[in-house]
file target.tsv (TSV, C-alpha atoms)
chain	number	residue	atom	x	y	z
A	20	MET	CA	-12.96	-13.29	0.94
A	21	ARG	CA	-15.80	-12.20	3.17
A	22	LEU	CA	-19.16	-11.56	1.57
A	23	ASP	CA	-21.72	-9.18	2.99
A	24	ARG	CA	-25.43	-8.99	2.27
A	25	TYR	CA	-24.89	-6.78	-0.80
A	26	ASP	CA	-22.42	-9.25	-2.32
A	27	ILE	CA	-24.79	-12.14	-1.73
A	28	LYS	CA	-27.70	-10.25	-3.25
A	29	ILE	CA	-25.56	-9.39	-6.30
A	30	LEU	CA	-24.67	-13.07	-6.74
A	31	GLN	CA	-28.28	-14.18	-6.36
A	32	ILE	CA	-29.55	-11.66	-8.89
A	33	LEU	CA	-26.78	-12.27	-11.44
A	34	SER	CA	-27.24	-16.05	-11.19
A	35	GLN	CA	-30.83	-15.60	-12.33
A	36	GLN	CA	-30.60	-12.45	-14.48
A	37	GLY	CA	-27.17	-12.38	-16.09
A	38	ARG	CA	-28.28	-9.69	-18.53
A	39	ILE	CA	-29.55	-7.21	-15.94
A	40	THR	CA	-28.27	-3.69	-16.56
A	41	LYS	CA	-25.76	-2.09	-14.22
A	42	SER	CA	-28.37	0.41	-13.11
A	43	GLY	CA	-31.00	-2.29	-12.67
A	44	LEU	CA	-28.65	-4.29	-10.46
A	45	ALA	CA	-27.73	-1.23	-8.41
A	46	GLU	CA	-31.42	-0.41	-7.91
A	47	ALA	CA	-32.26	-4.01	-6.97
A	48	ILE	CA	-29.71	-4.03	-4.14
A	49	ASN	CA	-30.24	-0.41	-3.05
A	50	LEU	CA	-26.74	0.83	-3.85
A	51	SER	CA	-25.63	3.60	-6.15
A	52	LEU	CA	-24.20	2.58	-9.52
A	53	SER	CA	-20.45	3.01	-8.80
A	54	PRO	CA	-20.27	1.06	-5.50
A	55	CYS	CA	-22.46	-1.67	-6.96
A	56	TRP	CA	-20.27	-2.05	-10.04
A	57	GLU	CA	-17.09	-2.01	-7.90
A	58	ARG	CA	-18.52	-4.94	-5.95
A	59	VAL	CA	-19.28	-6.85	-9.16
A	60	LYS	CA	-15.73	-6.28	-10.41
A	61	ARG	CA	-14.31	-7.39	-7.04
A	62	LEU	CA	-16.39	-10.60	-7.20
A	63	GLU	CA	-15.17	-11.20	-10.76
A	64	ASP	CA	-11.53	-10.52	-9.84
A	65	ALA	CA	-11.80	-12.93	-6.90
A	66	GLY	CA	-13.04	-15.66	-9.24
A	67	ILE	CA	-16.41	-15.94	-7.52
A	68	ILE	CA	-18.16	-14.77	-10.68
A	69	GLN	CA	-16.60	-16.89	-13.40
A	70	GLY	CA	-18.68	-15.69	-16.31
A	71	TYR	CA	-22.11	-15.02	-17.67
A	72	GLY	CA	-24.24	-17.25	-19.83
A	73	ALA	CA	-27.68	-18.10	-21.04
A	74	ARG	CA	-29.85	-20.90	-19.65
A	75	ILE	CA	-30.73	-22.92	-22.71
A	76	ASN	CA	-33.92	-24.98	-22.79
A	77	THR	CA	-32.47	-28.00	-24.55
A	78	GLU	CA	-35.87	-29.71	-24.57
A	79	VAL	CA	-37.04	-27.15	-27.12
A	80	LEU	CA	-33.99	-27.74	-29.32
A	81	PHE	CA	-33.61	-31.48	-28.89
A	82	LYS	CA	-36.07	-34.14	-27.89
A	83	ARG	CA	-33.69	-35.98	-25.62
A	84	SER	CA	-34.51	-38.10	-22.60
A	85	PRO	CA	-32.75	-37.37	-19.31
A	86	VAL	CA	-31.59	-40.41	-17.36
A	87	LEU	CA	-30.09	-40.35	-13.87
A	88	VAL	CA	-27.53	-43.07	-13.15
A	89	GLU	CA	-25.92	-44.19	-9.90
A	90	VAL	CA	-22.54	-45.84	-10.49
A	91	THR	CA	-20.41	-47.87	-8.11
A	92	LEU	CA	-16.91	-48.87	-9.16
A	93	LYS	CA	-15.21	-52.22	-8.47
A	94	GLN	CA	-12.02	-50.58	-7.26
A	95	HIS	CA	-11.77	-47.58	-4.95
A	96	ASN	CA	-8.38	-46.09	-5.70
A	97	ALA	CA	-7.06	-43.00	-7.44
A	98	ASP	CA	-6.40	-44.78	-10.76
A	99	ALA	CA	-9.91	-46.24	-10.95
A	100	PHE	CA	-11.49	-42.88	-10.18
A	101	ARG	CA	-9.25	-41.08	-12.70
A	102	ILE	CA	-10.06	-43.56	-15.50
A	103	PHE	CA	-13.80	-43.32	-14.88
A	104	GLU	CA	-13.81	-39.53	-14.56
A	105	GLN	CA	-11.79	-39.03	-17.75
A	106	ALA	CA	-14.25	-41.24	-19.65
A	107	MET	CA	-17.19	-39.22	-18.31
A	108	MET	CA	-15.50	-35.94	-19.28
A	109	GLN	CA	-15.15	-37.21	-22.86
A	110	CYS	CA	-18.69	-38.60	-23.17
A	111	GLU	CA	-20.98	-35.99	-24.71
A	112	GLU	CA	-24.12	-37.76	-23.47
A	113	VAL	CA	-23.02	-37.20	-19.86
A	114	VAL	CA	-24.09	-33.67	-19.00
A	115	ASP	CA	-23.46	-33.86	-15.23
A	116	CYS	CA	-21.18	-36.15	-13.24
A	117	TYR	CA	-20.91	-35.91	-9.46
A	118	ALA	CA	-18.53	-37.88	-7.24
A	119	THR	CA	-20.48	-38.70	-4.10
A	120	GLY	CA	-19.93	-40.00	-0.61
A	121	GLY	CA	-22.16	-42.69	0.76
A	122	GLY	CA	-23.54	-45.74	-0.98
A	123	VAL	CA	-22.53	-44.92	-4.56
A	124	ASP	CA	-19.41	-43.45	-6.13
A	125	TYR	CA	-20.98	-41.27	-8.83
A	126	ILE	CA	-24.31	-39.84	-9.87
A	127	LEU	CA	-24.67	-38.96	-13.54
A	128	ARG	CA	-27.21	-37.10	-15.61
A	129	VAL	CA	-27.17	-38.54	-19.11
A	130	MET	CA	-29.07	-37.14	-22.10
A	131	CYS	CA	-29.89	-39.64	-24.84
A	132	ASP	CA	-32.15	-39.72	-27.87
A	133	GLY	CA	-33.97	-42.65	-26.33
A	134	ILE	CA	-33.67	-45.57	-23.97
A	135	ASP	CA	-32.13	-47.78	-26.65
A	136	GLN	CA	-29.30	-45.25	-27.16
A	137	TYR	CA	-28.82	-45.11	-23.39
A	138	GLN	CA	-28.60	-48.90	-23.15
A	139	ARG	CA	-26.02	-49.02	-25.94
A	140	LEU	CA	-24.00	-46.40	-24.04
A	141	ILE	CA	-24.15	-48.43	-20.82
A	142	ASP	CA	-23.19	-51.61	-22.70
A	143	THR	CA	-20.15	-49.78	-24.09
A	144	TRP	CA	-19.14	-48.60	-20.62
A	145	LEU	CA	-19.50	-52.10	-19.16
A	146	THR	CA	-17.24	-53.66	-21.80
A	147	SER	CA	-14.65	-50.86	-22.03
A	148	GLY	CA	-12.76	-51.43	-18.80
A	149	LEU	CA	-14.17	-48.52	-16.79
A	150	GLY	CA	-14.43	-50.75	-13.75
A	151	ILE	CA	-18.16	-50.39	-13.15
A	152	GLU	CA	-19.33	-52.88	-10.53
A	153	ARG	CA	-23.00	-51.92	-10.63
A	154	TYR	CA	-25.27	-49.16	-11.83
A	155	PHE	CA	-28.86	-48.14	-11.26
A	156	THR	CA	-30.86	-46.29	-13.89
A	157	TYR	CA	-33.63	-43.80	-13.15
A	158	ILE	CA	-35.70	-42.58	-16.09
A	159	VAL	CA	-36.84	-38.98	-15.63
A	160	THR	CA	-40.56	-38.89	-16.35
A	161	LYS	CA	-41.15	-35.22	-15.52
A	162	THR	CA	-38.96	-32.29	-14.53
A	163	ILE	CA	-40.45	-30.55	-11.52
A	164	LYS	CA	-37.76	-27.93	-10.93
A	165	GLN	CA	-34.49	-27.21	-12.71
A	166	GLN	CA	-32.26	-24.25	-12.05
A	167	SER	CA	-28.78	-24.03	-13.46
A	168	SER	CA	-27.18	-21.73	-10.90
A	169	LEU	CA	-29.43	-20.79	-8.02
A	170	LEU	CA	-27.23	-19.55	-5.21
A	171	GLU	CA	-28.25	-20.29	-1.67
A	172	PHE	CA	-25.97	-19.05	1.05
A	173	SER	CA	-25.80	-20.15	4.62
A	174	PRO	CA	-25.23	-17.59	7.35
A	175	LYS	CA	-21.61	-18.87	7.59
A	176	VAL	CA	-20.81	-17.13	4.29
A	177	LEU	CA	-21.58	-13.80	5.89
A	178	ALA	CA	-19.17	-14.36	8.79
call {"tool": "encode", "arguments": {"input": "target.tsv", "output": "structure tokens"}}
result
Amino acid sequence: MRLDRYDIKILQILSQQGRITKSGLAEAINLSLSPCWERVKRLEDAGIIQGYGARINTEVLFKRSPVLVEVTLKQHNADAFRIFEQAMMQCEEVVDCYATGGGVDYILRVMCDGIDQYQRLIDTWLTSGLGIERYFTYIVTKTIKQQSSLLEFSPKVLA
């Protein structure tokens, strides 16, 4: 599906303001209401817009400490990756898990009630057969910028 500048603007606005009115969105992209809404529906039907949600400030609700973790596995095969990834999907403390290329296999964002809870979690992983060869822990001391769904498009998307 080819996206034009109106589609991209719609995606950028909706990623930041999911509750914007139909008329507000149409005005923001300089289209009349019907063509604007047809574009939104087309983006939804194509699966580009998967849904709408609220950005929740979990720090207000829970005093949890974010920890970033680099993980390298002992084995580099499909079974080892599947076992590790399934465990991460089931672990509620893991809020983000990215498979990466380069020097490490995964980068995780883990939310714990404190460093002691985090260390108990790591100890469990190390003794549970997940195949972790090494890990590096980075304690987040301050969040500088956090956006849940900022869309940045390269010019290639427009082609």
call {"tool": "closest_residue", "arguments": {"input": "target.tsv", "among": "A:Lys161, A:Arg58, A:Arg139, A:Arg101", "to": "A:Arg21", "atoms": "only C-alpha atoms"}}
result
A:Arg58
call {"tool": "closest_residue", "arguments": {"input": "target.tsv", "among": "A:Ile151, A:Ile141, A:Ala47, A:Val129", "to": "A:His95", "atoms": "all atoms listed in the file"}}
result
A:Ile151
call {"tool": "closest_residue", "arguments": {"input": "target.tsv", "among": "A:Pro85, A:Thr160, A:Thr146, A:Glu104", "to": "A:Gly133", "atoms": "all atoms listed in the file"}}
result
A:Pro85
call {"tool": "closest_residue", "arguments": {"input": "target.tsv", "among": "A:Ser84, A:Ser147, A:Gln165, A:Gln94", "to": "A:Met130", "atoms": "all atoms listed in the file"}}
result
A:Ser84
call {"tool": "residues_around", "arguments": {"input": "target.tsv", "residues": "A:Asp98", "least_positions_apart": "6", "cutoff": "12 Å", "atoms": "all atoms listed in the file", "output": "ChimeraX atom specification"}}
result
/A:92,104-105,149-150
call {"tool": "write_last_selection", "arguments": {"input": "target.tsv", "atoms": "C-alpha atoms", "output": "JSON list (two decimals), in the coordinates of the input"}}
result
[["chain", "number", "residue", "atom", "x", "y", "z"],
["A", 92, "LEU", "CA", -16.91, -48.87, -9.16],
["A", 104, "GLU", "CA", -13.81, -39.53, -14.56],
["A", 105, "GLN", "CA", -11.79, -39.03, -17.75],
["A", 149, "LEU", "CA", -14.17, -48.52, -16.79],
["A", 150, "GLY", "CA", -14.43, -50.75, -13.75]]
call {"tool": "axis_aligned_box", "arguments": {"input": "target.tsv", "around": "stretch 120-126 of chain A", "padding_each_side": "6 Å", "output": "JSON"}}
result
{"center_x": -21.9, "center_y": -42.8, "center_z": -4.6, "size_x": 16.9, "size_y": 17.9, "size_z": 22.6}
call {"tool": "atom_distance", "arguments": {"input": "target.tsv", "atom1": "atom CA of A:Ile102", "atom2": "atom CA of A:Ala118"}}
result
13.1 Å
call {"tool": "residues_around", "arguments": {"input": "target.tsv", "residues": "A:Val113", "least_positions_apart": "2", "cutoff": "7 Å", "atoms": "all atoms listed in the file", "output": "PDB file with C-alpha atoms, in the frame of the given file"}}
result
ATOM      1  CA  MET A 107     -17.190 -39.220 -18.310  1.00  0.00           C
ATOM      2  CA  CYS A 110     -18.690 -38.600 -23.170  1.00  0.00           C
ATOM      3  CA  GLU A 111     -20.980 -35.990 -24.710  1.00  0.00           C
ATOM      4  CA  ASP A 115     -23.460 -33.860 -15.230  1.00  0.00           C
ATOM      5  CA  CYS A 116     -21.180 -36.150 -13.240  1.00  0.00           C
ATOM      6  CA  LEU A 127     -24.670 -38.960 -13.540  1.00  0.00           C
ATOM      7  CA  ARG A 128     -27.210 -37.100 -15.610  1.00  0.00           C
ATOM      8  CA  VAL A 129     -27.170 -38.540 -19.110  1.00  0.00           C
ATOM      9  CA  MET A 130     -29.070 -37.140 -22.100  1.00  0.00           C
TER      10      MET A 130
END
call {"tool": "atom_distance", "arguments": {"input": "target.tsv", "atom1": "atom CA of A:Ser53", "atom2": "atom CA of A:Asp26"}}
result
14.0 Å
call {"tool": "atom_distance", "arguments": {"input": "target.tsv", "atom1": "atom CA of A:Ala97", "atom2": "atom CA of A:Thr119"}}
result
14.5 Å
call {"tool": "closest_residue", "arguments": {"input": "target.tsv", "among": "A:Glu57, A:Glu112, A:Glu89, A:Asp64", "to": "A:Ile126", "atoms": "all atoms listed in the file"}}
result
A:Glu89
call {"tool": "closest_residue", "arguments": {"input": "target.tsv", "among": "A:Ile134, A:Leu44, A:Leu62, A:Val86", "to": "A:Phe155", "atoms": "only C-alpha atoms"}}
result
A:Val86
call {"tool": "residues_around", "arguments": {"input": "target.tsv", "residues": "A:Gly43", "least_positions_apart": "6", "cutoff": "12 Å", "atoms": "all atoms listed in the file", "output": "list in words"}}
result
Ile29, Ile32, Leu33, Gln36, Gly37, Asn49, Leu50, Ser51, Leu52, Cys55 and Trp56 of chain A
call {"tool": "residues_around", "arguments": {"input": "target.tsv", "residues": "A:Ile68", "least_positions_apart": "5", "cutoff": "10 Å", "atoms": "only C-alpha atoms", "output": "PDB file with C-alpha atoms, keeping the file's coordinate frame"}}
result
ATOM      1  CA  LEU A  30     -24.670 -13.070  -6.740  1.00  0.00           C
ATOM      2  CA  LEU A  33     -26.780 -12.270 -11.440  1.00  0.00           C
ATOM      3  CA  SER A  34     -27.240 -16.050 -11.190  1.00  0.00           C
ATOM      4  CA  VAL A  59     -19.280  -6.850  -9.160  1.00  0.00           C
ATOM      5  CA  LYS A  60     -15.730  -6.280 -10.410  1.00  0.00           C
ATOM      6  CA  ARG A  61     -14.310  -7.390  -7.040  1.00  0.00           C
ATOM      7  CA  LEU A  62     -16.390 -10.600  -7.200  1.00  0.00           C
ATOM      8  CA  GLU A  63     -15.170 -11.200 -10.760  1.00  0.00           C
TER       9      GLU A  63
END
call {"tool": "residues_around", "arguments": {"input": "target.tsv", "residues": "A:Arg153", "least_positions_apart": "4", "cutoff": "10 Å", "atoms": "only C-alpha atoms", "output": "count of residues only"}}
result
7
